[in-house]
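Inspection log for the structure reproduced underneath, given as structure tokens.
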Amino acid sequence: MKYAGRLAAVAVVGALSLAACGTDNNTGAPAGTTSASAAAPGNDNALSGTINAAGSSAQANAIDQWKKDFQAKNPSVNLNYQPSGSGAGVQAFIQGTISFAGSDSALKDDKGEPAQADARCKTGKAINLPMVTGPVAVVYNLPGVDGLQLSPKTIAGIFNSTITKWDDAAIKADNPDAKLPATPIQAFHRSDESGTSDNFTKFLKATAEWPYEPAKAWPAEAKGQGAKGSDQVAASVKGAEGAIGYVELSYAENSQLQKAKVANGAGEFVELTSDSAAKTVEAAEIKGTGNDLKLSIDYATKAAGAYPIVLVTYEITCEKGLPTDQVPLVKSFLGYTASDEGQAALKDLGYAPLPAALLTKVRSAVEAIS
């Protein structure tokens, strides 16, 4: 996939300080930061300072790679990113203790998040910038069963605790040639508020008989076993025979877990790859206005070869209203993440680059940050 654009170099490294949690001051540098300063004209390392950010653990592997790559370019710019979960990241952004939040779902109207984020920005609007396509893998630990296929209805039954054994008739119907054991199913979900859970339950609500409203918090009525963060869900599945869970693709690959093929709206069981996930994002509709690029994803897509469970991780920041010293830092970093080089790094990590048309809009929105 081709992308147009210019590289905006920045380096990132460090560990987050949340000492100022609970404040809403956005008139100066957040706690733990140093002010940005322009170097002499012509110096490639033109910026120095620290960006505090937090949120989505699903994008943490992308952030880690970006940190590694960009430190070599501009070692005077630090990014402290805490993978605290999308819900915590959004709240920290609203409180003014970080300069941008990573979130696996856009700011939520029903929670009043857009208005709260706009109030934090004070002189401008908060904007949702899609940056990472993170396919959500349904991972399982069932020795002797390869190539498991699951329809949305079956997935909903498993995670709603109505399908409790691996030889259930519904799973057999999805896998007529498989030898399924009578092993009890252990279904793991996120125990913390998570954009991954939000997108996973949106998929279930749109495609199956899921009785609960989509949310970042897992519905207690669905039961199952909770684990904090994508890394802990992956570790829990890996450590328990008969386990199943949902994690972003990079965590599935890093943990070497088996991934189920999932049926899309056409009834086609599709293997999860970066390319099959990208086909679903290409059809997404922009619901935001101006430089707010909030997306609506069709989880029941019938596109051939499209894997239906995807999340798009946003970087949420102020179009206008960041502390003056943070504007060039955040703008440069997000410019890099949307660059050819930044997006190209994603595929090897188990993510999918943004579609070209959407990426062009993201670059224009980043350029408008002031």
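Residue numbering restarts at 1 for every chain of the structure tokens, chains are lettered A, B, ... in their displayed order, and ligands are numbered from 1 as they appear.
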Closest contacts (stretch 113-151 of chain A/stretch 178-197 of chain A, max 12 Å, only C-alpha atoms) as CSV:
```
residue,atom,partner,partner_atom,distance
A:Thr133,CA,A:Thr196,CA,11.8
A:Gly134,CA,A:Thr196,CA,9.1
A:Pro135,CA,A:Thr196,CA,9.6
A:Val136,CA,A:Thr196,CA,7.5
A:Ala137,CA,A:Thr196,CA,10.3
A:Val138,CA,A:Phe188,CA,10.5
A:Val139,CA,A:Phe188,CA,9.9
A:Tyr140,CA,A:Ala187,CA,9.1
A:Asn141,CA,A:Gln186,CA,9.6
A:Leu142,CA,A:Thr183,CA,8.6
A:Pro143,CA,A:Pro181,CA,9.5
A:Gly144,CA,A:Lys179,CA,8.1
A:Val145,CA,A:Ala178,CA,7.0
A:Asp146,CA,A:Ala178,CA,8.3
A:Gly147,CA,A:Ala178,CA,8.9
A:Leu148,CA,A:Ala178,CA,8.0
A:Gln149,CA,A:Ala178,CA,9.6
```
With N, CA, C and O atoms kept, could you save the residues just selected as a PDB file, in the first residue's frame?
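File written: again_1.pdb
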```pdb
ATOM      1  N   THR A 133      -4.170   0.508  13.049  1.00  0.00           N
ATOM      2  CA  THR A 133      -5.188  -0.525  12.885  1.00  0.00           C
ATOM      3  C   THR A 133      -4.738  -1.755  13.650  1.00  0.00           C
ATOM      4  O   THR A 133      -3.714  -2.365  13.324  1.00  0.00           O
ATOM      5  N   GLY A 134      -5.476  -2.104  14.685  1.00  0.00           N
ATOM      6  CA  GLY A 134      -5.109  -3.238  15.519  1.00  0.00           C
ATOM      7  C   GLY A 134      -6.145  -4.339  15.406  1.00  0.00           C
ATOM      8  O   GLY A 134      -7.189  -4.282  16.069  1.00  0.00           O
ATOM      9  N   PRO A 135      -5.914  -5.323  14.562  1.00  0.00           N
ATOM     10  CA  PRO A 135      -6.861  -6.434  14.486  1.00  0.00           C
ATOM     11  C   PRO A 135      -6.974  -7.140  15.831  1.00  0.00           C
ATOM     12  O   PRO A 135      -5.985  -7.313  16.543  1.00  0.00           O
ATOM     13  N   VAL A 136      -8.183  -7.539  16.192  1.00  0.00           N
ATOM     14  CA  VAL A 136      -8.415  -8.238  17.455  1.00  0.00           C
ATOM     15  C   VAL A 136      -8.482  -9.739  17.176  1.00  0.00           C
ATOM     16  O   VAL A 136      -9.362 -10.203  16.442  1.00  0.00           O
ATOM     17  N   ALA A 137      -7.559 -10.476  17.754  1.00  0.00           N
ATOM     18  CA  ALA A 137      -7.501 -11.918  17.562  1.00  0.00           C
ATOM     19  C   ALA A 137      -8.311 -12.630  18.633  1.00  0.00           C
ATOM     20  O   ALA A 137      -8.280 -12.249  19.804  1.00  0.00           O
ATOM     21  N   VAL A 138      -9.041 -13.653  18.228  1.00  0.00           N
ATOM     22  CA  VAL A 138      -9.662 -14.572  19.182  1.00  0.00           C
ATOM     23  C   VAL A 138      -8.663 -15.710  19.358  1.00  0.00           C
ATOM     24  O   VAL A 138      -8.465 -16.530  18.459  1.00  0.00           O
ATOM     25  N   VAL A 139      -7.975 -15.718  20.501  1.00  0.00           N
ATOM     26  CA  VAL A 139      -6.884 -16.663  20.729  1.00  0.00           C
ATOM     27  C   VAL A 139      -7.353 -17.806  21.612  1.00  0.00           C
ATOM     28  O   VAL A 139      -8.226 -17.638  22.467  1.00  0.00           O
ATOM     29  N   TYR A 140      -6.776 -18.980  21.386  1.00  0.00           N
ATOM     30  CA  TYR A 140      -7.212 -20.140  22.159  1.00  0.00           C
ATOM     31  C   TYR A 140      -6.046 -21.077  22.433  1.00  0.00           C
ATOM     32  O   TYR A 140      -5.012 -21.048  21.743  1.00  0.00           O
ATOM     33  N   ASN A 141      -6.227 -21.908  23.438  1.00  0.00           N
ATOM     34  CA  ASN A 141      -5.227 -22.891  23.850  1.00  0.00           C
ATOM     35  C   ASN A 141      -5.929 -24.241  23.917  1.00  0.00           C
ATOM     36  O   ASN A 141      -6.538 -24.589  24.914  1.00  0.00           O
ATOM     37  N   LEU A 142      -5.856 -24.975  22.816  1.00  0.00           N
ATOM     38  CA  LEU A 142      -6.536 -26.259  22.712  1.00  0.00           C
ATOM     39  C   LEU A 142      -5.643 -27.217  21.919  1.00  0.00           C
ATOM     40  O   LEU A 142      -5.767 -27.323  20.696  1.00  0.00           O
ATOM     41  N   PRO A 143      -4.720 -27.889  22.590  1.00  0.00           N
ATOM     42  CA  PRO A 143      -3.777 -28.776  21.905  1.00  0.00           C
ATOM     43  C   PRO A 143      -4.498 -29.789  21.016  1.00  0.00           C
ATOM     44  O   PRO A 143      -5.519 -30.371  21.417  1.00  0.00           O
ATOM     45  N   GLY A 144      -3.969 -29.935  19.813  1.00  0.00           N
ATOM     46  CA  GLY A 144      -4.541 -30.900  18.882  1.00  0.00           C
ATOM     47  C   GLY A 144      -5.624 -30.335  17.985  1.00  0.00           C
ATOM     48  O   GLY A 144      -6.094 -31.014  17.069  1.00  0.00           O
ATOM     49  N   VAL A 145      -6.038 -29.101  18.225  1.00  0.00           N
ATOM     50  CA  VAL A 145      -7.066 -28.468  17.396  1.00  0.00           C
ATOM     51  C   VAL A 145      -6.451 -27.265  16.682  1.00  0.00           C
ATOM     52  O   VAL A 145      -6.231 -26.221  17.290  1.00  0.00           O
ATOM     53  N   ASP A 146      -6.169 -27.445  15.417  1.00  0.00           N
ATOM     54  CA  ASP A 146      -5.590 -26.374  14.610  1.00  0.00           C
ATOM     55  C   ASP A 146      -6.662 -25.801  13.676  1.00  0.00           C
ATOM     56  O   ASP A 146      -7.605 -26.492  13.291  1.00  0.00           O
ATOM     57  N   GLY A 147      -6.500 -24.546  13.324  1.00  0.00           N
ATOM     58  CA  GLY A 147      -7.410 -23.938  12.358  1.00  0.00           C
ATOM     59  C   GLY A 147      -8.840 -23.828  12.841  1.00  0.00           C
ATOM     60  O   GLY A 147      -9.797 -23.945  12.058  1.00  0.00           O
ATOM     61  N   LEU A 148      -9.045 -23.578  14.116  1.00  0.00           N
ATOM     62  CA  LEU A 148     -10.390 -23.447  14.678  1.00  0.00           C
ATOM     63  C   LEU A 148     -11.168 -22.352  13.953  1.00  0.00           C
ATOM     64  O   LEU A 148     -10.645 -21.273  13.673  1.00  0.00           O
ATOM     65  N   GLN A 149     -12.431 -22.633  13.650  1.00  0.00           N
ATOM     66  CA  GLN A 149     -13.317 -21.672  13.012  1.00  0.00           C
ATOM     67  C   GLN A 149     -14.468 -21.337  13.960  1.00  0.00           C
ATOM     68  O   GLN A 149     -15.053 -22.224  14.569  1.00  0.00           O
TER      69      GLN A 149
END
```
- Residue contacts of stretch 257-270 of chain A (10 Å, only C-alpha atoms) excluding same-chain residues fewer than 2 positions away, as a ChimeraX atom specification: /A:136-143,145-155,174,207,234-235,237-238,244-247,249,251-255,272-273,276-277,280,298-309
- Item | 7 Å contact set for A:Ile369, only C-alpha atoms, chain neighbours under 4 positions out, as a VMD selection string | chain A and resid 319 to 320 331 365
Keeping all heavy atoms, export the residues of the selection given above as a PDB file, in the first residue's frame.
```
ATOM      1  N   GLU A 319      -6.733  20.011  19.019  1.00  0.00           N
ATOM      2  CA  GLU A 319      -6.414  20.675  17.754  1.00  0.00           C
ATOM      3  C   GLU A 319      -5.766  22.028  18.049  1.00  0.00           C
ATOM      4  O   GLU A 319      -4.798  22.423  17.408  1.00  0.00           O
ATOM      5  CB  GLU A 319      -7.678  20.862  16.923  1.00  0.00           C
ATOM      6  CG  GLU A 319      -7.428  21.489  15.565  1.00  0.00           C
ATOM      7  CD  GLU A 319      -8.702  21.582  14.744  1.00  0.00           C
ATOM      8  OE1 GLU A 319      -9.796  21.672  15.342  1.00  0.00           O
ATOM      9  OE2 GLU A 319      -8.597  21.568  13.502  1.00  0.00           O
ATOM     10  N   LYS A 320      -6.311  22.734  19.040  1.00  0.00           N
ATOM     11  CA  LYS A 320      -5.723  23.946  19.585  1.00  0.00           C
ATOM     12  C   LYS A 320      -5.903  23.892  21.089  1.00  0.00           C
ATOM     13  O   LYS A 320      -6.882  23.358  21.576  1.00  0.00           O
ATOM     14  CB  LYS A 320      -6.390  25.203  19.029  1.00  0.00           C
ATOM     15  CG  LYS A 320      -6.171  25.404  17.544  1.00  0.00           C
ATOM     16  CD  LYS A 320      -6.805  26.709  17.068  1.00  0.00           C
ATOM     17  CE  LYS A 320      -6.554  26.921  15.581  1.00  0.00           C
ATOM     18  NZ  LYS A 320      -7.165  28.183  15.088  1.00  0.00           N
ATOM     19  N   LYS A 331       3.022  17.647  17.732  1.00  0.00           N
ATOM     20  CA  LYS A 331       2.826  17.733  16.286  1.00  0.00           C
ATOM     21  C   LYS A 331       3.908  16.957  15.540  1.00  0.00           C
ATOM     22  O   LYS A 331       3.627  16.241  14.570  1.00  0.00           O
ATOM     23  CB  LYS A 331       2.827  19.202  15.862  1.00  0.00           C
ATOM     24  CG  LYS A 331       2.432  19.443  14.424  1.00  0.00           C
ATOM     25  CD  LYS A 331       2.259  20.944  14.181  1.00  0.00           C
ATOM     26  CE  LYS A 331       1.821  21.224  12.761  1.00  0.00           C
ATOM     27  NZ  LYS A 331       1.546  22.666  12.547  1.00  0.00           N
ATOM     28  N   ALA A 365      -4.867  16.633   9.444  1.00  0.00           N
ATOM     29  CA  ALA A 365      -5.318  16.986  10.790  1.00  0.00           C
ATOM     30  C   ALA A 365      -4.140  17.254  11.713  1.00  0.00           C
ATOM     31  O   ALA A 365      -4.167  18.184  12.526  1.00  0.00           O
ATOM     32  CB  ALA A 365      -6.182  15.847  11.347  1.00  0.00           C
TER      33      ALA A 365
END
```
- Quick one: pull the distance between atom CA of A:Thr97 and atom CA of A:Asn52, Å, one decimal.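 Computing the Euclidean distance for atom CA of A:Thr97 and atom CA of A:Asn52 yields 7.6 Å.
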- Message: Would you compute the distance between atom CA of A:Met131 and atom CA of A:Asn74? Give it in Å to one decimal.
- Response: 21.1 Å
- Message: What's the separation between atom CA of A:Ala243 and atom CA of A:Ala352, in Å to one decimal place?
- Response: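 A separation of 26.3 Å between them.
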Name all residues at most 8 Å from A:Ala106 (count only C-alpha atoms; drop same-chain ones fewer than 6 positions away) and give them as an mmCIF file with C-alpha atoms, in the first residue's frame.
```
data_model
loop_
_atom_site.group_PDB
_atom_site.id
_atom_site.type_symbol
_atom_site.label_atom_id
_atom_site.label_comp_id
_atom_site.auth_asym_id
_atom_site.auth_seq_id
_atom_site.Cartn_x
_atom_site.Cartn_y
_atom_site.Cartn_z
ATOM 1 C CA ASN A 128 -9.696 11.798 17.455
ATOM 2 C CA LYS A 294 -13.897 9.435 14.435
ATOM 3 C CA LEU A 295 -14.728 6.278 12.448
ATOM 4 C CA TYR A 314 -6.770 6.829 18.112
ATOM 5 C CA ILE A 316 -6.633 11.988 21.165
#
```
- Message: When DSSP is applied to the backbone of this structure, which of stretch 137-179 of chain A are assigned alpha helix (DSSP H)? Write them out as a list in words.
- Response: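 Alpha helix (DSSP H) members of stretch 137-179 of chain A, listed: Pro152, Lys153, Thr154, Ile155, Ala156, Gly157, Ile158, Phe159, Ala169, Ala170, Ile171, Lys172, Ala173 and Asp174 of chain A.
Each of A:Asn291, A:Ser57, A:Thr123, A:Ser161 was checked against A:Gly321 using only C-alpha atoms; the smallest atom-to-atom distance is that of A:Thr123.
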